[in-house]
Protein chains: 4
Amino acid sequence: MRRLAVLTSGGDAPGMNAAIRAVVEEGLHHEIEVMGVQHGFKGLVEGEYIKLGVADVTHAIRRGGTILYSARYPEFKEEAVQKQAIKKMEENGIEGLIVIGGDGSFAGALSLTKLGFPAVGIPGTIDNDIPGTEYTIGFDSAMTAATIAIDNITDTAASHNRTFVVEVMGRNAGDIAIWAGVGTGADAIIIPEEEFFMGDIVRRVRASRQHGKDYSIIVLAEGVMGVEDFIKEYKKEAPEQSVRGVNLSHIQRGGNPTGRDRVFATLMGAKAVDLILHGQSGIYVGIIGEELAVFDIVETLEKVKHKVRDDLYELNRSLTDRY
Amino acid sequence: MRRLAVLTSGGDAPGMNAAIRAVVEEGLHHEIEVMGVQHGFKGLVEGEYIKLGVADVTHAIRRGGTILYSARYPEFKEEAVQKQAIKKMEENGIEGLIVIGGDGSFAGALSLTKLGFPAVGIPGTIDNDIPGTEYTIGFDSAMTAATIAIDNITDTAASHNRTFVVEVMGRNAGDIAIWAGVGTGADAIIIPEEEFFMGDIVRRVRASRQHGKDYSIIVLAEGVMGVEDFIKEYKKEAPEQSVRGVNLSHIQRGGNPTGRDRVFATLMGAKAVDLILHGQSGIYVGIIGEELAVFDIVETLEKVKHKVRDDLYELNRSLTDRY
Amino acid sequence: MRRLAVLTSGGDAPGMNAAIRAVVEEGLHHEIEVMGVQHGFKGLVEGEYIKLGVADVTHAIRRGGTILYSARYPEFKEEAVQKQAIKKMEENGIEGLIVIGGDGSFAGALSLTKLGFPAVGIPGTIDNDIPGTEYTIGFDSAMTAATIAIDNITDTAASHNRTFVVEVMGRNAGDIAIWAGVGTGADAIIIPEEEFFMGDIVRRVRASRQHGKDYSIIVLAEGVMGVEDFIKEYKKEAPEQSVRGVNLSHIQRGGNPTGRDRVFATLMGAKAVDLILHGQSGIYVGIIGEELAVFDIVETLEKVKHKVRDDLYELNRSLTDRY
Amino acid sequence: MRRLAVLTSGGDAPGMNAAIRAVVEEGLHHEIEVMGVQHGFKGLVEGEYIKLGVADVTHAIRRGGTILYSARYPEFKEEAVQKQAIKKMEENGIEGLIVIGGDGSFAGALSLTKLGFPAVGIPGTIDNDIPGTEYTIGFDSAMTAATIAIDNITDTAASHNRTFVVEVMGRNAGDIAIWAGVGTGADAIIIPEEEFFMGDIVRRVRASRQHGKDYSIIVLAEGVMGVEDFIKEYKKEAPEQSVRGVNLSHIQRGGNPTGRDRVFATLMGAKAVDLILHGQSGIYVGIIGEELAVFDIVETLEKVKHKVRDDLYELNRSLTDRY
């Protein structure tokens, strides 16, 4: 193999650039040229290819977002479009593709594999909701950003003895909510995977105040409901409390990646190159128990479901169940 | 004088604790005892007084919020309530009061002065909107937090070549918007003090894209309109753009104070003690041209209007007026 | 059981306070009173006990250092002193002890167990060098702090096209060096566990410059040699380079704990309470593959050796071996 | 005028890139082309010129260091070399030069002016030690970085009830020491501009401990003496204390610029363009009382001396003089 390509797809996640850099450096180590594809699958079809050398990626390791840009491109579901992409790559001497993104992006990689073109995935999404792998690029940064934002809100909450409801990202997965909630000692964590009872939450908040806590934080995953709707229902049960809502929104997505996100992104980026050089395809790289793991895209996306950390969720419930 | 009191009132602002600490340390230097009043004017009336020593405030210098708590208390407008506060202070041997807060809080301090009780103000609000002083405690921290938040949003904006409208605090004053906007190179800054034309903003954004900028940021002060309403109007003029909105909300309020906020809060806290020891009252401490200044509360609140930095606003307009 | 005690010992590590808070909250959940012992084993013997409630620990979850203080106390190796500690605890109605610290601290806990007093350990050290567990409280924060410091140094290194040698903590363990080195794309990582050849390092740095990198970073674990000595030897091989050294020293130790450190500290703190309530002793809590694990102190400290992540070390070597 | 050039010289300072960006954008606004000179005066002579457009500088506004690189070049003191630089600029159609750097760099700019070539300076140095202007690009970022580093060290100092001596930058100027010292409530600040007495410092530290402070911080400007030497002398007077030293070194130099540094850098960058377009030369832009000011290089460097903030220095002395 002489030339590889790498693209990013779906929502940007801090650490994607560290993965791109690792692909370039590991490629160089094996004397493989690496082309960056701009704007995801759209650029793949339209030939937005740029040569990537050390100088292009060396500072990117610590930058958020993706230097290769991302773009929506539903057209890539059509086989004709997929074939166009393969033709374009072949014209450019590209013999393998690394796709950094979420499970939707892996479906795109898989379609190429089915047409005979080698493609390997790397999980990149702040939501941590990809089946199989326990870790996705950007989750640690997003969780950290959410934690610090809640820290800052805590200053205001305590100053006014208020209850704050903080909406964090995670459409189908409560991972950010659970980690940021446990890490900030939230009085309640509400996630799409678990039922909740408003009366129970109000009881926990009141108990914490009786034990001398001078503020309250409730962490709400966006997949459950919007923060304004939540507060309306909450106020019905606890009219005596001063309650405010904050939606962390895009603030938790950007910013420089944490060391951990960069390290695992680097590990997975280099591994993806090695796998594709060894003729592998239709797979993605991930992390299980802090170690590298490889997953079959078809098998995993069809049969495995992402699981949140039940132990952490239960931990928070027991810690805030005070007598 | 043997004993002073200090309270915080209105919205919390990073650096208020540094001012409290300076009051305590400067008091100690003059062998004056300092009492902290909890929950603002409400606690003043109800006698929520705690003795403050070095150990109580030493770590607070770097904490956001206010360790003395704040509270709404419209009842303090009544003279009977003000007299109750004075009686309570006199019972506790307190001979002077330092009030850290916004102009509403200064009105409370003034009412005590009018009844013969010495009171001095220190400006504390993230909005920077107090007449007279060029600087208020918390503004530098809030401006910094807004700047960093916009930096993080920029990663996502650039990754997807999007336009983001970021709503920052400032009901009547565009200070946060102007500083955060200039500091992030925003394509447009919209503040309550200045008219804006949607067509002009769209023109600036488009020109910046034509010159190769891969994202756009518009900073909107909350006093103008909400971010969702703004986007609706913006999209009418620029339907081709992918636009998202973020309201920074309480995220820009909390967090550890910047060094600058701590230094000026310390300077003003110590000065307030010195002034009250010299028999002054009905005044507040502030900063003009980076130097300490003293303002008469009546004169200033009645006759002076807060002014934003026109030069910075115009600077941004000329920098984004590209040919 | 009615009353537990908790102490911190050895060097402070960010996240220790989150563990203390979890011990208090989990104790409360089981209606157990928790006493904080100040100044480690010294305070244990001298009776520096304070009652800890929710209000005492709620804000501590996000603070670095240890609110219970730490202290050196070699006297605790003597059995007479250990017995004094037990007597003091019994006088205060304390029936079990949780020790947060490094392996030296665990030896102290073990000595109490041998004398019949229940004691459980929680690993807290930024060095990550405790046998058995893959994770110790404070490592993620220290690694993150080192990573960000190297980021900042990179700005200066690149501005002047310089080589910087950055000394990080880790007397016997290269963990911080490896993670911070991989996360910043260092040209070389030098750790006590692996031999290094100066000529090889110089070759890597030169190759990276030839490929267009505009600066170089070498990460050096303190256990290998001091940064000034290293630079002297380096300059002999590479006299043409402009080289500077920085010792990150205590800057990497303090500061607010990361979300990850808080989450695992919370998990281990709660688990330690549960174990001691179930009559366990002479053990410590840890993490294997991101899951809770329990280790026998004697068995583990005697027979297991801490291992650094060889895969990450080798990853960096292959990424910087450019052709 | 059709074409300008801009260079950075001397030590890098956060915010230099914001100034470069402002030069480019303000140039564009006046339909002037801006060339970036790489590697300071060395590149000026050797013709390392690159065209700078919006896309080249837009993300740089938030980056530390200098994208144009800096370099030592004592040869520029020779008139022959200066003439070479002018010839090179003229060959490239460059009609004016903006120099961002310290007073050494301004001397370089002045020498061009004397030979008839228009040159204007912008003060960029973290030390804040340029005569005339009250503000230099990078000072706010460096002061902030030093403040946060001392915050982190405070966690460790308090955990072990230690005294830490922290060496900060400032060869001839105590500005960083004073601001970081006041902002962290340091027990003593030692600067080159003021004599100090070890016995007095020890007295202040002891008094603070007697009042219940659980740690001590002494901030030492590098221009006074090295931290290790200081500790040796300190220990003679206070043998009972546990003392540690940290040299913040390059950690305080790099990192993203603060909002304030970016705003003033932007203001000065645009102003420098306007001045040079109006035929001005031999001057530099600065800030007095938070407003733009213009200084004659000869007059100012010869007759004015930089002054530290005496009021802040004295403030700290009175706050730590406890009874």
# chains A, B, ... in the order shown; residues from 1 in each chain; ligands from 1
$ interface_residues --of "chain D" --to "chain B" --cutoff "7 Å" --atoms "only C-alpha atoms" --output "MDAnalysis selection string"
chainID D and resid 25:26 28:29 31 54:55 58 61 144 147 179:180 182:184 211:213 258:259 262:263 267 289:290 315 318:319 321:323
$ select_by_dssp --residues "stretch 22-119 of chain A" --states "alpha helix (DSSP H)" --output "ChimeraX atom specification"
/A:22-29,40-46,54-57,79-91,103-114
$ closest_atom_pairs --of "stretch 150-265 of chain B" --to "stretch 123-133 of chain B" --cutoff "9 Å" --atoms "only C-alpha atoms" --output "JSON lines"
{"residue": "B:Met169", "atom": "CA", "partner": "B:Asp127", "partner_atom": "CA", "distance": 7.0}
{"residue": "B:Gly170", "atom": "CA", "partner": "B:Asp127", "partner_atom": "CA", "distance": 5.3}
{"residue": "B:Arg171", "atom": "CA", "partner": "B:Asp127", "partner_atom": "CA", "distance": 7.9}
{"residue": "B:Asn172", "atom": "CA", "partner": "B:Asp129", "partner_atom": "CA", "distance": 7.5}
{"residue": "B:Ala173", "atom": "CA", "partner": "B:Asp129", "partner_atom": "CA", "distance": 5.9}
{"residue": "B:Gly174", "atom": "CA", "partner": "B:Asp127", "partner_atom": "CA", "distance": 8.1}
{"residue": "B:Asp175", "atom": "CA", "partner": "B:Asn128", "partner_atom": "CA", "distance": 6.6}
{"residue": "B:Ile176", "atom": "CA", "partner": "B:Asp127", "partner_atom": "CA", "distance": 6.8}
{"residue": "B:Gln252", "atom": "CA", "partner": "B:Ile126", "partner_atom": "CA", "distance": 8.8}
{"residue": "B:Arg253", "atom": "CA", "partner": "B:Ile126", "partner_atom": "CA", "distance": 7.0}
{"residue": "B:Ala265", "atom": "CA", "partner": "B:Gly124", "partner_atom": "CA", "distance": 8.6}
$ atom_distance --atom1 "atom CA of D:Val243" --atom2 "atom CA of D:Asp200"
16.7 Å
$ residues_around --residues "C:Val219" --least-positions-apart "6" --cutoff "8 Å" --atoms "only C-alpha atoms" --output "PyMOL selection string"
chain C and resi 165-168+177+180-181+186+188-190
$ closest_residue --among "B:His39, B:Ala109, B:Leu277, B:Val246" --to "B:Arg3" --atoms "only C-alpha atoms"
B:Leu277
$ residues_around --residues "B:Ala80" --least-positions-apart "3" --cutoff "12 Å" --atoms "only C-alpha atoms" --output "list in words"
Val45, Glu75, Phe76, Lys77, Lys83, Gln84, Ala85, Ile86, Lys87, Ser111, Leu112 and Leu115 of chain B
$ select_by_dssp --residues "stretch 107-319 of chain A" --states "strand (DSSP E or B)" --output "PyMOL selection string"
chain A and resi 119-124+137+163-168+188-190+216-221+243-247+283-288+291-296
$ atom_distance --atom1 "atom CA of A:Gly96" --atom2 "atom CA of A:Ile287"
22.2 Å
$ atom_distance --atom1 "atom CA of B:Ala13" --atom2 "atom CA of B:Ile137"
6.6 Å
$ residues_around --residues "C:Val37" --least-positions-apart "4" --cutoff "9 Å" --atoms "only C-alpha atoms" --output "PyMOL selection string"
chain C and resi 5-8+41+43-44+47-51+68-69
